[in-house]
>>> print(open('run-v4.tsv').read())   # TSV, C-alpha atoms
chain	number	residue	atom	x	y	z
A	942	MET	CA	15.28	-24.70	-11.23
A	943	SER	CA	11.50	-24.98	-10.71
A	944	ASP	CA	9.16	-22.02	-10.34
A	945	SER	CA	8.56	-22.94	-6.70
A	946	GLU	CA	12.31	-22.90	-6.00
A	947	GLU	CA	12.60	-19.47	-7.60
A	948	GLU	CA	9.73	-18.15	-5.48
A	949	ILE	CA	11.51	-19.21	-2.30
A	950	LYS	CA	14.32	-16.81	-3.20
A	951	ASP	CA	11.95	-13.85	-3.44
A	952	LYS	CA	12.08	-11.18	-0.76
A	953	GLN	CA	8.55	-11.18	0.64
A	954	LEU	CA	7.10	-7.79	1.60
A	955	LYS	CA	3.66	-7.19	3.08
A	956	ILE	CA	2.35	-3.71	2.28
A	957	ALA	CA	-0.86	-2.37	3.85
A	958	ILE	CA	-2.77	0.57	2.39
A	959	LEU	CA	-4.80	2.63	4.87
A	960	GLY	CA	-6.88	5.78	4.68
A	961	ASP	CA	-10.41	7.13	4.56
A	962	GLY	CA	-12.99	5.73	2.19
A	963	ALA	CA	-12.96	7.36	-1.27
A	964	SER	CA	-9.32	8.41	-0.87
A	965	GLY	CA	-8.44	6.09	-3.75
A	966	LYS	CA	-6.93	3.04	-2.05
A	967	THR	CA	-8.60	0.49	-4.31
A	968	SER	CA	-7.85	2.59	-7.38
A	969	ILE	CA	-4.18	2.66	-6.38
A	970	THR	CA	-3.95	-1.09	-5.83
A	971	THR	CA	-5.75	-1.82	-9.10
A	972	ARG	CA	-3.55	0.61	-11.01
A	973	TYR	CA	-0.40	-0.90	-9.57
A	974	ALA	CA	-1.47	-4.54	-9.98
A	975	GLN	CA	-3.03	-4.38	-13.42
A	976	GLU	CA	-2.12	-0.95	-14.76
A	977	LYS	CA	-5.68	0.19	-15.18
A	978	PHE	CA	-8.09	2.61	-13.54
A	979	GLY	CA	-11.81	2.14	-13.03
A	980	LYS	CA	-14.12	5.11	-12.58
A	981	HIS	CA	-16.47	3.25	-10.25
A	982	TYR	CA	-15.67	0.98	-7.32
A	983	ARG	CA	-17.86	-0.54	-4.66
A	984	GLN	CA	-16.41	-0.11	-1.20
A	985	THR	CA	-14.13	-3.00	-0.35
A	986	VAL	CA	-15.68	-5.45	2.11
A	987	GLY	CA	-13.09	-6.95	4.45
A	988	ILE	CA	-9.82	-6.94	2.55
A	989	ASP	CA	-8.47	-7.42	-0.97
A	990	PHE	CA	-4.86	-8.19	-1.71
A	991	PHE	CA	-2.71	-9.11	-4.64
A	992	LEU	CA	0.81	-10.19	-5.39
A	993	LYS	CA	3.18	-8.42	-7.75
A	994	ARG	CA	6.79	-9.31	-8.39
A	995	ILE	CA	9.42	-6.72	-9.18
A	996	VAL	CA	13.19	-6.77	-9.55
A	997	LEU	CA	15.34	-4.23	-7.72
A	998	PRO	CA	19.03	-3.39	-8.32
A	999	GLY	CA	21.38	-6.25	-7.57
A	1000	ASN	CA	18.88	-8.65	-9.15
A	1001	VAL	CA	16.84	-8.69	-5.97
A	1002	ASN	CA	13.48	-10.34	-6.63
A	1003	VAL	CA	10.71	-8.89	-4.51
A	1004	ALA	CA	7.23	-10.35	-4.06
A	1005	MET	CA	4.99	-7.47	-3.03
A	1006	GLN	CA	1.84	-8.59	-1.24
A	1007	VAL	CA	-0.27	-5.43	-1.20
A	1008	HIS	CA	-3.30	-5.33	1.09
A	1009	ASP	CA	-6.15	-2.94	0.29
A	1010	ILE	CA	-7.89	-2.39	3.61
A	1011	GLY	CA	-10.79	-0.68	1.90
A	1012	GLY	CA	-13.96	-0.95	3.95
A	1013	GLN	CA	-12.31	-0.96	7.37
A	1014	SER	CA	-12.89	2.07	9.56
A	1015	ILE	CA	-10.34	3.30	12.07
A	1016	ALA	CA	-12.32	1.45	14.75
A	1017	GLY	CA	-12.71	-1.73	12.64
A	1018	GLU	CA	-12.51	-4.86	14.76
A	1019	MET	CA	-10.17	-6.64	12.32
A	1020	LEU	CA	-7.96	-3.70	11.44
A	1021	ASP	CA	-5.16	-4.68	13.83
A	1022	ASN	CA	-4.98	-8.15	12.25
A	1023	TYR	CA	-4.64	-6.70	8.76
A	1024	ILE	CA	-1.83	-4.35	9.79
A	1025	TYR	CA	0.01	-6.95	11.85
A	1026	GLY	CA	3.32	-8.00	10.32
A	1027	ALA	CA	3.33	-5.33	7.61
A	1028	ASP	CA	6.75	-4.32	6.29
A	1029	GLY	CA	5.34	-1.09	4.90
A	1030	VAL	CA	2.20	0.99	5.39
A	1031	LEU	CA	0.87	3.57	2.94
A	1032	LEU	CA	-1.25	6.25	4.60
A	1033	VAL	CA	-3.35	7.55	1.72
A	1034	TYR	CA	-5.42	10.70	1.51
A	1035	ASP	CA	-7.16	12.66	-1.23
A	1036	VAL	CA	-5.42	15.99	-1.94
A	1037	THR	CA	-8.84	17.52	-2.72
A	1038	ASN	CA	-10.37	16.38	0.58
A	1039	THR	CA	-9.07	18.11	3.69
A	1040	SER	CA	-10.77	15.78	6.17
A	1041	SER	CA	-9.11	12.74	4.58
A	1042	PHE	CA	-5.74	14.37	5.31
A	1043	GLU	CA	-6.69	15.39	8.85
A	1044	ASN	CA	-7.71	11.81	9.62
A	1045	ILE	CA	-4.27	10.50	8.64
A	1046	ALA	CA	-3.11	11.28	12.18
A	1047	ASP	CA	-5.66	8.81	13.55
A	1048	TRP	CA	-4.70	6.13	11.02
A	1049	LEU	CA	-1.07	6.63	12.03
A	1050	LYS	CA	-1.94	6.12	15.70
A	1051	VAL	CA	-3.54	2.77	14.88
A	1052	VAL	CA	-0.39	1.61	13.07
A	1053	GLN	CA	1.81	2.78	15.92
A	1054	LYS	CA	-0.35	0.94	18.45
A	1055	VAL	CA	-0.14	-2.32	16.48
A	1056	SER	CA	3.63	-1.94	16.01
A	1057	LYS	CA	4.16	-1.27	19.70
A	1058	GLY	CA	2.27	-4.42	20.62
A	1059	GLN	CA	4.55	-6.65	18.57
A	1060	GLY	CA	7.49	-6.40	20.93
A	1061	PRO	CA	10.97	-4.78	20.84
A	1062	GLU	CA	12.40	-7.39	18.46
A	1063	TYR	CA	9.89	-6.48	15.75
A	1064	ARG	CA	11.14	-4.12	13.05
A	1065	LYS	CA	8.73	-1.24	12.69
A	1066	PRO	CA	7.15	-0.91	9.23
A	1067	HIS	CA	8.21	1.72	6.74
A	1068	LEU	CA	5.55	4.44	6.84
A	1069	ALA	CA	4.66	6.50	3.78
A	1070	LEU	CA	2.40	9.52	3.41
A	1071	VAL	CA	0.70	9.32	0.02
A	1072	GLY	CA	-1.28	12.18	-1.47
A	1073	ASN	CA	-3.54	10.73	-4.17
A	1074	LYS	CA	-5.35	12.48	-7.06
A	1075	SER	CA	-2.39	14.69	-7.94
A	1076	ASP	CA	-4.00	15.10	-11.36
A	1077	LEU	CA	-6.58	17.36	-9.67
A	1078	GLU	CA	-4.06	20.04	-8.73
A	1079	HIS	CA	-6.59	22.77	-9.58
A	1080	MET	CA	-8.91	21.33	-6.89
A	1081	ARG	CA	-6.27	20.80	-4.21
A	1082	THR	CA	-7.31	21.76	-0.68
A	1083	VAL	CA	-4.36	20.22	1.20
A	1084	LYS	CA	-1.35	22.46	0.76
A	1085	LEU	CA	2.05	21.00	-0.02
A	1086	GLU	CA	3.45	22.60	3.14
A	1087	LYS	CA	1.01	20.69	5.35
A	1088	HIS	CA	1.84	17.41	3.65
A	1089	THR	CA	5.59	17.98	3.97
A	1090	LYS	CA	5.39	19.11	7.59
A	1091	PHE	CA	3.33	16.09	8.67
A	1092	ALA	CA	5.66	13.68	6.89
A	1093	GLN	CA	8.79	15.22	8.42
A	1094	GLU	CA	7.39	15.43	11.95
A	1095	ASN	CA	6.31	11.80	11.92
A	1096	GLY	CA	9.22	10.25	10.04
A	1097	LEU	CA	7.20	9.30	6.96
A	1098	SER	CA	8.42	9.10	3.40
A	1099	SER	CA	6.54	11.50	1.13
A	1100	HIS	CA	4.77	10.70	-2.14
A	1101	TYR	CA	2.30	12.25	-4.57
A	1102	ILE	CA	0.54	10.01	-7.06
A	1103	SER	CA	-2.49	9.79	-9.34
A	1104	ALA	CA	-4.29	6.46	-9.52
A	1105	LYS	CA	-6.33	7.84	-12.42
A	1106	THR	CA	-3.40	8.68	-14.71
A	1107	GLY	CA	-0.92	6.26	-13.14
A	1108	ASP	CA	1.52	9.09	-12.50
A	1109	SER	CA	4.21	8.03	-9.98
A	1110	VAL	CA	2.26	4.95	-8.78
A	1111	ASN	CA	4.95	2.43	-9.80
A	1112	ILE	CA	7.71	4.71	-8.58
A	1113	CYS	CA	6.01	5.07	-5.20
A	1114	PHE	CA	5.90	1.33	-4.57
A	1115	GLN	CA	9.38	0.85	-6.01
A	1116	LYS	CA	10.87	3.46	-3.69
A	1117	ILE	CA	9.11	2.01	-0.66
A	1118	ALA	CA	10.29	-1.54	-1.41
A	1119	ALA	CA	13.85	-0.32	-1.94
A	1120	GLU	CA	13.87	1.69	1.29
A	1121	ILE	CA	12.55	-1.27	3.29
A	1122	LEU	CA	15.33	-3.47	1.90
A	1123	GLY	CA	18.03	-0.80	2.13
A	1124	ILE	CA	18.62	-0.62	-1.63
A	1125	LYS	CA	19.71	2.55	-3.42
A	1126	LEU	CA	17.89	3.49	-6.61
A	1127	SER	CA	19.29	5.59	-9.46
A	1128	ARG	CA	17.10	7.97	-11.44
A	1129	ALA	CA	17.09	5.56	-14.38
A	1130	GLU	CA	15.95	2.74	-12.13
A	1131	LEU	CA	13.18	4.88	-10.68
A	1132	GLU	CA	11.87	5.60	-14.15
A	1133	SER	CA	12.03	2.00	-15.37
A	1134	GLN	CA	8.82	0.04	-15.71
A	1135	HIS	CA	8.34	-3.47	-14.39
A	1136	ARG	CA	6.38	-6.28	-15.94
A	1137	VAL	CA	2.92	-6.66	-14.45
A	1138	VAL	CA	2.03	-10.09	-13.10
A	1139	LYS	CA	-1.70	-10.50	-13.66
A	1140	ALA	CA	-3.33	-11.14	-10.33
A	1141	GLU	CA	-6.79	-12.31	-9.40
A	1142	ILE	CA	-8.05	-10.03	-6.63
A	1143	ALA	CA	-10.05	-11.98	-4.08
A	1144	ASN	CA	-13.21	-10.39	-2.67
A	1145	TYR	CA	-14.33	-11.54	0.76
A	1146	SER	CA	-17.31	-10.85	2.93
A	1147	LYS	CA	-16.55	-9.45	6.37
A	1148	LYS	CA	-17.18	-12.88	7.93
A	1149	GLU	CA	-14.95	-14.68	5.42
A	1150	ALA	CA	-12.17	-12.11	5.79
A	1151	LYS	CA	-12.24	-12.45	9.57
A	1152	ALA	CA	-12.03	-16.23	9.37
A	1153	HIS	CA	-9.11	-16.04	6.94
A	1154	VAL	CA	-7.03	-13.64	9.02
A	1155	VAL	CA	-7.58	-15.45	12.30
A	1156	GLN	CA	-6.85	-18.93	10.95
A	1157	ALA	CA	-4.06	-18.24	8.47
A	1158	PRO	CA	-2.81	-14.63	8.53
A	1159	THR	CA	0.32	-15.35	6.48
A	1160	THR	CA	-1.21	-17.40	3.67
A	1161	SER	CA	-1.59	-15.70	0.31
A	1162	ILE	CA	-5.05	-15.83	-1.27
A	1163	CYS	CA	-3.91	-14.33	-4.53
A	1164	SER	CA	-3.68	-16.62	-7.53
A	1165	ILE	CA	-1.19	-15.72	-10.24
A	1166	GLN	CA	-2.16	-16.46	-13.80
>>> encode(input="run-v4.tsv", output="structure tokens")
Amino acid sequence: MSDSEEEIKDKQLKIAILGDGASGKTSITTRYAQEKFGKHYRQTVGIDFFLKRIVLPGNVNVAMQVHDIGGQSIAGEMLDNYIYGADGVLLVYDVTNTSSFENIADWLKVVQKVSKGQGPEYRKPHLALVGNKSDLEHMRTVKLEKHTKFAQENGLSSHYISAKTGDSVNICFQKIAAEILGIKLSRAELESQHRVVKAEIANYSKKEAKAHVVQAPTTSICSIQ
């Protein structure tokens, strides 16, 4: 069987990562894609995304296309296009930055608006509340109770991760993929590590990103090496 034939059998999942600037979205995507953390990032212009393949119980191959909507503000003109068709959305905030958590409500409203506009036949995306920088517990300003309450009231799955240390990053994405596909995970499976597929992250200007989304919103721009 050729590689192309095997790829056809993959479950394709589009995951969008939203949240305020400096909440760690690009750090999270880079950690998950390439298992590394960079101390300095320029703000993402337009959108970056990469592809990573994992295997879930039952030998289910999953191709995760993760979109880092870095430089887009809540009022960004292309934001709706980036969210459109997502199977899962991570709403990310910085546990040491209260305003980044408070703004999650506005990010959630944008996702809900896009989902509502896709018609009754469209399956709503899995929504996850993700508190990043859990390694800075001593600097936390967003209490656990607030996080838990918001997640429960809005039907979001709840996650704490650290892009810097890598703590719970893989598990977070693994859980989300499994929940989207209705697959149960055991503790051993949650703790297992998956092979990283090296991905080339494409950087686009705002103009280039707009042209790409309008003309071919479902075409992957990530090249696997």
>>> atom_distance(input="run-v4.tsv", atom1="CA of Met1005 (chain A)", atom2="CA of Phe990 (chain A)")
10.0 Å
>>> residues_near_point(input="run-v4.tsv", point="(5.0, 9.0, 2.3)", cutoff="6 Å", atoms="only C-alpha atoms", output="list in words")
Ala1069, Leu1070, Val1071, Leu1097, Ser1098, Ser1099 and His1100 of chain A
>>> atom_distance(input="run-v4.tsv", atom1="CA of Asp1035 (chain A)", atom2="CA of His1067 (chain A)")
20.5 Å
>>> residues_around(input="run-v4.tsv", residues="Gln1006 (chain A)", least_positions_apart="5", cutoff="7 Å", atoms="only C-alpha atoms", output="PyMOL selection string")
chain A and resi 954-956+990-993
>>> residues_around(input="run-v4.tsv", residues="Lys966 (chain A)", least_positions_apart="3", cutoff="9 Å", atoms="only C-alpha atoms", output="PyMOL selection string")
chain A and resi 958-963+969-971+1009-1011+1033-1034+1073+1104
>>> closest_residue(input="run-v4.tsv", among="A:Ser964, A:Ser1127, A:Thr1082, A:Gln975", to="Asn1111 (chain A)", atoms="only C-alpha atoms")
A:Gln975
>>> atom_distance(input="run-v4.tsv", atom1="CA of Gly1029 (chain A)", atom2="CA of Leu1068 (chain A)")
5.9 Å
>>> decode(input="run-v4.tsv", residues="region 1094-1109 of chain A", atoms="all heavy atoms", output="mmCIF file, in the first residue's frame")
data_model
loop_
_atom_site.group_PDB
_atom_site.id
_atom_site.type_symbol
_atom_site.label_atom_id
_atom_site.label_comp_id
_atom_site.auth_asym_id
_atom_site.auth_seq_id
_atom_site.Cartn_x
_atom_site.Cartn_y
_atom_site.Cartn_z
ATOM 1 N N GLU A 1094 -19.704 25.802 33.106
ATOM 2 C CA GLU A 1094 -20.865 26.592 32.676
ATOM 3 C C GLU A 1094 -20.994 26.676 31.156
ATOM 4 O O GLU A 1094 -22.094 26.868 30.629
ATOM 5 C CB GLU A 1094 -20.767 28.008 33.252
ATOM 6 C CG GLU A 1094 -20.978 28.081 34.752
ATOM 7 C CD GLU A 1094 -20.874 29.488 35.306
ATOM 8 O OE1 GLU A 1094 -20.384 30.387 34.577
ATOM 9 O OE2 GLU A 1094 -21.282 29.702 36.463
ATOM 10 N N ASN A 1095 -19.885 26.514 30.455
ATOM 11 C CA ASN A 1095 -19.917 26.662 29.003
ATOM 12 C C ASN A 1095 -19.674 25.351 28.244
ATOM 13 O O ASN A 1095 -19.529 25.359 27.024
ATOM 14 C CB ASN A 1095 -18.888 27.704 28.569
ATOM 15 C CG ASN A 1095 -19.242 29.098 29.031
ATOM 16 O OD1 ASN A 1095 -20.090 29.765 28.444
ATOM 17 N ND2 ASN A 1095 -18.598 29.555 30.101
ATOM 18 N N GLY A 1096 -19.648 24.243 28.980
ATOM 19 C CA GLY A 1096 -19.503 22.942 28.347
ATOM 20 C C GLY A 1096 -18.154 22.721 27.686
ATOM 21 O O GLY A 1096 -18.072 22.097 26.622
ATOM 22 N N LEU A 1097 -17.098 23.222 28.310
ATOM 23 C CA LEU A 1097 -15.752 23.084 27.768
ATOM 24 C C LEU A 1097 -14.982 21.999 28.515
ATOM 25 O O LEU A 1097 -15.153 21.840 29.728
ATOM 26 C CB LEU A 1097 -14.972 24.403 27.899
ATOM 27 C CG LEU A 1097 -15.688 25.702 27.510
ATOM 28 C CD1 LEU A 1097 -14.753 26.887 27.718
ATOM 29 C CD2 LEU A 1097 -16.149 25.645 26.065
ATOM 30 N N SER A 1098 -14.131 21.284 27.807
ATOM 31 C CA SER A 1098 -13.222 20.387 28.517
ATOM 32 C C SER A 1098 -12.141 21.255 29.166
ATOM 33 O O SER A 1098 -11.873 22.376 28.723
ATOM 34 C CB SER A 1098 -12.601 19.362 27.560
ATOM 35 O OG SER A 1098 -11.825 19.985 26.558
ATOM 36 N N SER A 1099 -11.533 20.749 30.218
ATOM 37 C CA SER A 1099 -10.615 21.560 31.021
ATOM 38 C C SER A 1099 -9.201 20.993 31.000
ATOM 39 O O SER A 1099 -9.003 19.794 31.207
ATOM 40 C CB SER A 1099 -11.139 21.613 32.464
ATOM 41 O OG SER A 1099 -10.228 22.277 33.305
ATOM 42 N N HIS A 1100 -8.214 21.887 30.764
ATOM 43 C CA HIS A 1100 -6.830 21.439 30.658
ATOM 44 C C HIS A 1100 -5.882 22.484 31.238
ATOM 45 O O HIS A 1100 -6.098 23.686 31.091
ATOM 46 C CB HIS A 1100 -6.447 21.196 29.188
ATOM 47 C CG HIS A 1100 -7.405 20.330 28.447
ATOM 48 N ND1 HIS A 1100 -7.244 18.968 28.339
ATOM 49 C CD2 HIS A 1100 -8.561 20.637 27.798
ATOM 50 C CE1 HIS A 1100 -8.244 18.469 27.639
ATOM 51 N NE2 HIS A 1100 -9.058 19.462 27.298
ATOM 52 N N TYR A 1101 -4.803 21.990 31.855
ATOM 53 C CA TYR A 1101 -3.698 22.846 32.291
ATOM 54 C C TYR A 1101 -2.432 22.292 31.666
ATOM 55 O O TYR A 1101 -2.158 21.089 31.752
ATOM 56 C CB TYR A 1101 -3.557 22.842 33.813
ATOM 57 C CG TYR A 1101 -4.514 23.769 34.523
ATOM 58 C CD1 TYR A 1101 -5.592 23.266 35.253
ATOM 59 C CD2 TYR A 1101 -4.347 25.149 34.456
ATOM 60 C CE1 TYR A 1101 -6.474 24.111 35.898
ATOM 61 C CE2 TYR A 1101 -5.234 26.002 35.098
ATOM 62 C CZ TYR A 1101 -6.293 25.481 35.822
ATOM 63 O OH TYR A 1101 -7.163 26.320 36.453
ATOM 64 N N ILE A 1102 -1.657 23.169 31.037
ATOM 65 C CA ILE A 1102 -0.437 22.726 30.377
ATOM 66 C C ILE A 1102 0.684 23.743 30.577
ATOM 67 O O ILE A 1102 0.445 24.868 31.027
ATOM 68 C CB ILE A 1102 -0.652 22.538 28.864
ATOM 69 C CG1 ILE A 1102 -0.957 23.892 28.197
ATOM 70 C CG2 ILE A 1102 -1.758 21.539 28.578
ATOM 71 C CD1 ILE A 1102 -1.052 23.820 26.686
ATOM 72 N N SER A 1103 1.886 23.345 30.204
ATOM 73 C CA SER A 1103 3.022 24.266 30.174
ATOM 74 C C SER A 1103 3.760 24.054 28.861
ATOM 75 O O SER A 1103 4.370 23.008 28.642
ATOM 76 C CB SER A 1103 3.976 24.026 31.342
ATOM 77 O OG SER A 1103 5.188 24.760 31.150
ATOM 78 N N ALA A 1104 3.691 25.057 27.986
ATOM 79 C CA ALA A 1104 4.428 24.963 26.727
ATOM 80 C C ALA A 1104 5.928 24.969 26.993
ATOM 81 O O ALA A 1104 6.697 24.348 26.261
ATOM 82 C CB ALA A 1104 4.054 26.133 25.812
ATOM 83 N N LYS A 1105 6.337 25.632 28.049
ATOM 84 C CA LYS A 1105 7.768 25.745 28.348
ATOM 85 C C LYS A 1105 8.373 24.398 28.735
ATOM 86 O O LYS A 1105 9.420 24.000 28.227
ATOM 87 C CB LYS A 1105 7.996 26.756 29.461
ATOM 88 C CG LYS A 1105 9.468 26.971 29.795
ATOM 89 C CD LYS A 1105 9.646 28.061 30.829
ATOM 90 C CE LYS A 1105 11.136 28.310 31.109
ATOM 91 N NZ LYS A 1105 11.332 29.393 32.089
ATOM 92 N N THR A 1106 7.736 23.679 29.640
ATOM 93 C CA THR A 1106 8.258 22.387 30.097
ATOM 94 C C THR A 1106 7.719 21.222 29.283
ATOM 95 O O THR A 1106 8.273 20.124 29.317
ATOM 96 C CB THR A 1106 7.894 22.154 31.570
ATOM 97 O OG1 THR A 1106 6.465 22.011 31.685
ATOM 98 C CG2 THR A 1106 8.364 23.315 32.446
ATOM 99 N N GLY A 1107 6.618 21.459 28.570
ATOM 100 C CA GLY A 1107 5.973 20.387 27.810
ATOM 101 C C GLY A 1107 4.966 19.610 28.635
ATOM 102 O O GLY A 1107 4.317 18.690 28.126
ATOM 103 N N ASP A 1108 4.820 19.977 29.897
ATOM 104 C CA ASP A 1108 3.923 19.235 30.783
ATOM 105 C C ASP A 1108 2.487 19.233 30.259
ATOM 106 O O ASP A 1108 1.884 20.283 30.041
ATOM 107 C CB ASP A 1108 3.959 19.855 32.189
ATOM 108 C CG ASP A 1108 3.091 19.092 33.172
ATOM 109 O OD1 ASP A 1108 3.111 17.848 33.144
ATOM 110 O OD2 ASP A 1108 2.383 19.749 33.973
ATOM 111 N N SER A 1109 1.953 18.044 30.034
ATOM 112 C CA SER A 1109 0.559 17.792 29.647
ATOM 113 C C SER A 1109 0.174 18.299 28.255
ATOM 114 O O SER A 1109 -0.999 18.237 27.883
ATOM 115 C CB SER A 1109 -0.412 18.396 30.687
ATOM 116 O OG SER A 1109 -0.246 17.776 31.938
#
